[in-house]
Amino acid sequence: MKGKTVAIVGAAETTELGEIPNTSQLELHCDAALNAMADAGLKPSAIDGVACAGESPVAVAYHLGITPTYVDGTGVGGCSFMLHVRHACAAINEGLCSTVLITHGESGKSNVGRGGFRGGGAGLAAQFEAPYGPMGPPTLFTIPALRYMKNYGVSEEQLAMVAVVQREWAGRNQRASYRDPITVADVLGSRMIAYPFRKLMCCLVTDGGGALILTSAQRARDFPRKPVYVLGTGESVETPMVSQMEDFTSSKAFRVSARKAFAEAGIAHKDVDHLMIYDAFAHLPLYGLEDLGFCDRGQAASFIGERNTAPGGKLPLNTNGGGLSYMHSGMYGMYALQESVRQLRGIAPAQVPDARISVAHGVGGMFAASGTIVLTNDEP
Amino acid sequence: MPPEPKRYVPQPTPETQPFWDGTLAGELRLQRCDQCDHVYFPPRPFCPGCAERRVSWFKASGKAKLYSYVIHHRPAPGFTPPYSIAVVQLDEGPRMMTNIVGCPQTPEALQLDMPVEVTFEKISDKIALPLFKPVAATERTP
């Protein structure tokens, strides 16, 4: 952080303080935010960074109608907001965003609307999604898919082909959970979970873990392993409720995150040698290929069907077998990154020859959040 | 025998209470911005389009189209599988999650874009859920 490079231009408290029995916790965040924006003379459209603790920055950004390119949910107790300020300075100086909104709100006395989906019944998803019987990601993440399939004329067979091709990659990986080849008929014949999704269109449930160590590029050459450099990064969030996605055929968080990462990296799509798209369910690679800009809207299923992402294809995708066949412990993004690193070190079980640039694209929640990392093994 | 587990019961907040008061009274209520006329859901005490605090509740038509869904085939508390978990697009614009009732829970009966209308199911003394059912063919306006 360089001195005098960032300033506070708006500051306000909630309209009331003390006992506020008619306002839920999330609305305390937003009340303070609206007052601070008024203080600064800004509308939500001028905000592109959101930081908060106690509530999810996804909920706060969505609620205020902000599309951020920077979110910070750092939650470390009472000093969290000092950390948010520090991160915001770094983010602004680094160009991740230009204007950061930091919010705090807590219904500490009245206890109104505290707790999210799991913690209590007052969150928006708890009121407006949970009563209709969703049982986790297989019934929520999947809901947009039929709309995508109808709009673009994508068949259940084409959706099944995503799993078939990824199994081909898994077959080359000794560590993959499922390695035996499968057919479209196998996928469509597997147990129905939540129509149109059969079991083999849903990710595995496994145990596992992973870790990464990062250091400066300058120091990186002194380590024994071939360095993999971060070339570009992106992030965004859209909505904590899948039912409120702006467009059921495309993820706004994907689009914003990917655009940012590609711009930072200064690369074109043709420069990408290897791609990982977090595949909790079979429709995720379709959305990912289109929202990252590798395919035109509605073309991803044909692109996969024509074997462009299969072994030997021009855009190797999910080369570890993906969440559908490799493993999925719950937060799979780490494994997508691990495979990108293996490919760029040249040690992947299904190695892409001469891979120089890899993109790892992750999702959070049910199309709620997104992060995109562009990596390269080219020396700086 | 233990009591049969029930479906999840929403707990209103002060900001969403008018919505739930509405469903209990047999009305689907939405909010409209006094400044820019934007109609939105879920409820909040300001416009997500322009951040205006002056917003008003109104009674929606209850008419919608089936936008997307899954048919859940696994057990869930308070439900008998298979059952639809759907998102409908209200004629006023916003989308909301719901269940489609009053028809077979099959892909053949659940056609995307078919007209549906709201119906209310009381699940506790204080909560009635807005569910949607197909508009009978004879009732459809040409």
# chains A, B, ... in the order shown; residues from 1 in each chain; ligands from 1

call {"tool": "interface_residues", "arguments": {"of": "chain A", "to": "chain B", "cutoff": "8 Å", "atoms": "only C-alpha atoms", "output": "PyMOL selection string"}}
result
chain A and resi 22-24+34+43-44+63-65+112-113+121-122+124+126-135+139+142-147+150+192-196+243-244

call {"tool": "residues_around", "arguments": {"residues": "A:Leu315", "least_positions_apart": "3", "cutoff": "9 Å", "atoms": "only C-alpha atoms", "output": "MDAnalysis selection string"}}
result
chainID A and resid 272:275 308:312

call {"tool": "write_last_selection", "arguments": {"atoms": "C-alpha atoms", "output": "PDB file, in the first residue's frame"}}
result
ATOM      1  CA  VAL A 272      -5.500 -21.038 -23.913  1.00  0.00           C
ATOM      2  CA  ASP A 273      -3.976 -24.515 -24.096  1.00  0.00           C
ATOM      3  CA  HIS A 274      -5.858 -26.105 -21.212  1.00  0.00           C
ATOM      4  CA  LEU A 275      -9.109 -25.344 -19.420  1.00  0.00           C
ATOM      5  CA  ASN A 308     -13.214 -30.414 -29.206  1.00  0.00           C
ATOM      6  CA  THR A 309     -12.769 -30.859 -25.444  1.00  0.00           C
ATOM      7  CA  ALA A 310     -12.041 -34.625 -25.543  1.00  0.00           C
ATOM      8  CA  PRO A 311      -8.571 -36.225 -25.583  1.00  0.00           C
ATOM      9  CA  GLY A 312      -6.932 -35.101 -28.829  1.00  0.00           C
TER      10      GLY A 312
END

call {"tool": "atom_distance", "arguments": {"atom1": "atom CA of A:Thr15", "atom2": "atom CA of A:Val58"}}
result
22.9 Å

call {"tool": "residues_around", "arguments": {"residues": "A:Ser177", "least_positions_apart": "5", "cutoff": "7 Å", "atoms": "only C-alpha atoms", "output": "ChimeraX atom specification"}}
result
/A:325-327

call {"tool": "residues_around", "arguments": {"residues": "B:Gln31", "least_positions_apart": "6", "cutoff": "6 Å", "atoms": "only C-alpha atoms", "output": "PyMOL selection string"}}
result
chain B and resi 39-40+56-57

call {"tool": "write_last_selection", "arguments": {"atoms": "N, CA and C atoms", "output": "PDB file, in the first residue's frame"}}
result
ATOM      1  N   VAL B  39     -40.749  -3.307 -10.746  1.00  0.00           N
ATOM      2  CA  VAL B  39     -41.407  -4.300  -9.892  1.00  0.00           C
ATOM      3  C   VAL B  39     -40.394  -5.384  -9.561  1.00  0.00           C
ATOM      4  N   TYR B  40     -40.283  -5.735  -8.266  1.00  0.00           N
ATOM      5  CA  TYR B  40     -39.205  -6.642  -7.895  1.00  0.00           C
ATOM      6  C   TYR B  40     -39.641  -7.632  -6.826  1.00  0.00           C
ATOM      7  N   SER B  56     -43.821   0.766  -2.916  1.00  0.00           N
ATOM      8  CA  SER B  56     -45.186   0.446  -2.482  1.00  0.00           C
ATOM      9  C   SER B  56     -45.536  -1.007  -2.785  1.00  0.00           C
ATOM     10  N   TRP B  57     -46.320  -1.575  -1.892  1.00  0.00           N
ATOM     11  CA  TRP B  57     -46.850  -2.929  -2.109  1.00  0.00           C
ATOM     12  C   TRP B  57     -48.089  -2.847  -2.986  1.00  0.00           C
TER      13      TRP B  57
END

call {"tool": "select_by_dssp", "arguments": {"residues": "stretch 20-134 of chain B", "states": "helix (DSSP H, G or I)", "output": "ChimeraX atom specification"}}
result
/B:20-24

call {"tool": "residues_around", "arguments": {"residues": "A:Ser358", "least_positions_apart": "4", "cutoff": "10 Å", "atoms": "only C-alpha atoms", "output": "PDB file with C-alpha atoms, in the first residue's frame"}}
result
ATOM      1  CA  VAL A 228       3.597 -21.517 -12.430  1.00  0.00           C
ATOM      2  CA  VAL A 230      -0.515 -16.114 -12.050  1.00  0.00           C
ATOM      3  CA  LEU A 231      -1.267 -14.259 -15.248  1.00  0.00           C
ATOM      4  CA  ASP A 271      -3.943 -18.622 -26.412  1.00  0.00           C
ATOM      5  CA  VAL A 272      -5.500 -21.038 -23.913  1.00  0.00           C
ATOM      6  CA  ASP A 273      -3.976 -24.515 -24.096  1.00  0.00           C
ATOM      7  CA  HIS A 274      -5.858 -26.105 -21.212  1.00  0.00           C
ATOM      8  CA  LEU A 275      -9.109 -25.344 -19.420  1.00  0.00           C
ATOM      9  CA  MET A 276     -10.732 -26.385 -16.151  1.00  0.00           C
ATOM     10  CA  PRO A 316      -8.647 -30.033 -23.509  1.00  0.00           C
ATOM     11  CA  LEU A 317     -11.235 -29.526 -20.734  1.00  0.00           C
ATOM     12  CA  LEU A 337      -6.334 -25.419  -9.679  1.00  0.00           C
ATOM     13  CA  GLU A 339      -4.840 -29.937 -12.283  1.00  0.00           C
ATOM     14  CA  SER A 340      -3.955 -26.653 -13.991  1.00  0.00           C
ATOM     15  CA  VAL A 341      -0.671 -26.584 -12.062  1.00  0.00           C
ATOM     16  CA  GLN A 343      -0.532 -29.466 -16.636  1.00  0.00           C
ATOM     17  CA  LEU A 344       1.790 -26.443 -16.576  1.00  0.00           C
ATOM     18  CA  ILE A 373      -7.476 -17.828 -12.556  1.00  0.00           C
ATOM     19  CA  VAL A 374      -5.199 -17.705 -15.614  1.00  0.00           C
ATOM     20  CA  LEU A 375      -1.872 -19.472 -15.102  1.00  0.00           C
ATOM     21  CA  THR A 376       1.237 -19.813 -17.254  1.00  0.00           C
ATOM     22  CA  ASN A 377       4.628 -21.470 -17.122  1.00  0.00           C
TER      23      ASN A 377
END

call {"tool": "closest_residue", "arguments": {"among": "A:Gly78, A:Gly123, A:Gly346, A:Gly153", "to": "A:Ala301", "atoms": "only C-alpha atoms"}}
result
A:Gly153

call {"tool": "residues_around", "arguments": {"residues": "stretch 98-101 of chain A", "least_positions_apart": "4", "cutoff": "10 Å", "atoms": "only C-alpha atoms", "output": "short mmCIF file (atom, residue, chain, number, x, y, z; two decimals) with N, CA and C atoms, in the first residue's frame"}}
result
data_model
loop_
_atom_site.label_atom_id
_atom_site.label_comp_id
_atom_site.auth_asym_id
_atom_site.auth_seq_id
_atom_site.Cartn_x
_atom_site.Cartn_y
_atom_site.Cartn_z
N VAL A 6 -5.34 6.15 -1.61
CA VAL A 6 -6.77 5.83 -1.49
C VAL A 6 -7.37 6.71 -0.40
N ILE A 8 -11.17 7.86 1.91
CA ILE A 8 -12.56 7.57 2.27
C ILE A 8 -13.41 8.74 1.79
N VAL A 9 -14.40 8.45 0.94
CA VAL A 9 -15.20 9.53 0.36
C VAL A 9 -16.66 9.48 0.81
N GLY A 10 -17.03 8.52 1.59
CA GLY A 10 -18.39 8.46 2.12
C GLY A 10 -18.35 7.75 3.45
N ALA A 11 -19.16 8.24 4.41
CA ALA A 11 -19.18 7.59 5.72
C ALA A 11 -20.51 7.87 6.40
N ALA A 33 -25.45 1.34 4.12
CA ALA A 33 -24.86 1.48 2.78
C ALA A 33 -25.54 2.60 2.00
N ALA A 36 -24.41 5.89 3.36
CA ALA A 36 -23.03 6.20 2.97
C ALA A 36 -22.95 6.60 1.50
N MET A 37 -23.74 5.92 0.67
CA MET A 37 -23.75 6.28 -0.75
C MET A 37 -24.32 7.67 -0.94
N LEU A 42 -23.13 8.82 -4.45
CA LEU A 42 -22.94 7.70 -5.38
C LEU A 42 -24.18 6.82 -5.41
N PRO A 44 -25.56 2.76 -6.38
CA PRO A 44 -24.95 1.42 -6.35
C PRO A 44 -24.19 1.07 -7.63
N ALA A 46 -22.18 2.73 -9.16
CA ALA A 46 -20.82 3.25 -9.11
C ALA A 46 -19.93 2.41 -8.19
N ILE A 47 -20.51 1.43 -7.51
CA ILE A 47 -19.75 0.59 -6.58
C ILE A 47 -19.35 -0.70 -7.29
N ASP A 48 -18.09 -1.05 -7.25
CA ASP A 48 -17.68 -2.32 -7.87
C ASP A 48 -16.88 -3.20 -6.91
N GLY A 49 -16.86 -2.83 -5.64
CA GLY A 49 -16.24 -3.68 -4.63
C GLY A 49 -17.12 -3.73 -3.39
N VAL A 50 -17.30 -4.91 -2.81
CA VAL A 50 -18.13 -5.06 -1.61
C VAL A 50 -17.38 -5.86 -0.57
N ALA A 51 -17.31 -5.35 0.62
CA ALA A 51 -16.68 -6.06 1.73
C ALA A 51 -17.60 -6.00 2.94
N CYS A 52 -17.74 -7.11 3.64
CA CYS A 52 -18.54 -7.10 4.85
C CYS A 52 -18.26 -8.35 5.67
N ALA A 61 -24.28 -7.57 -1.77
CA ALA A 61 -24.15 -7.07 -3.14
C ALA A 61 -25.44 -7.28 -3.93
N ILE A 66 -25.64 -4.47 -6.73
CA ILE A 66 -24.26 -4.17 -7.12
C ILE A 66 -23.66 -5.39 -7.81
N PRO A 68 -20.18 -6.61 -8.35
CA PRO A 68 -18.80 -6.29 -8.01
C PRO A 68 -17.79 -7.08 -8.84
N THR A 69 -16.61 -6.51 -8.96
CA THR A 69 -15.47 -7.26 -9.48
C THR A 69 -14.50 -7.55 -8.34
N TYR A 70 -14.88 -7.21 -7.12
CA TYR A 70 -14.08 -7.46 -5.93
C TYR A 70 -15.00 -7.68 -4.76
N VAL A 71 -14.87 -8.82 -4.08
CA VAL A 71 -15.63 -9.06 -2.86
C VAL A 71 -14.70 -9.54 -1.77
N ASP A 72 -14.97 -9.10 -0.55
CA ASP A 72 -14.14 -9.50 0.59
C ASP A 72 -15.06 -9.86 1.75
N HIS A 84 -10.81 -4.99 6.09
CA HIS A 84 -11.49 -4.70 4.81
C HIS A 84 -10.93 -3.43 4.18
N VAL A 85 -10.69 -2.43 5.01
CA VAL A 85 -10.13 -1.18 4.50
C VAL A 85 -8.75 -1.44 3.88
N HIS A 87 -7.53 -4.27 2.71
CA HIS A 87 -7.65 -5.03 1.45
C HIS A 87 -8.16 -4.14 0.33
N ALA A 88 -9.09 -3.27 0.70
CA ALA A 88 -9.68 -2.40 -0.33
C ALA A 88 -8.62 -1.48 -0.93
N CYS A 89 -7.72 -0.98 -0.10
CA CYS A 89 -6.65 -0.13 -0.61
C CYS A 89 -5.78 -0.91 -1.60
N ALA A 91 -6.65 -3.52 -3.23
CA ALA A 91 -7.45 -3.87 -4.42
C ALA A 91 -7.56 -2.69 -5.37
N ILE A 92 -7.77 -1.53 -4.81
CA ILE A 92 -7.92 -0.34 -5.66
C ILE A 92 -6.60 -0.02 -6.35
N ASN A 93 -5.53 -0.09 -5.60
CA ASN A 93 -4.22 0.17 -6.21
C ASN A 93 -3.87 -0.85 -7.28
N GLU A 94 -4.40 -2.06 -7.10
CA GLU A 94 -4.07 -3.13 -8.03
C GLU A 94 -5.03 -3.16 -9.22
#

call {"tool": "residues_around", "arguments": {"residues": "A:Ser329", "least_positions_apart": "5", "cutoff": "6 Å", "atoms": "only C-alpha atoms", "output": "PyMOL selection string"}}
result
chain A and resi 205-208

call {"tool": "atom_distance", "arguments": {"atom1": "atom CA of A:Leu96", "atom2": "atom CA of A:Glu235"}}
result
9.0 Å
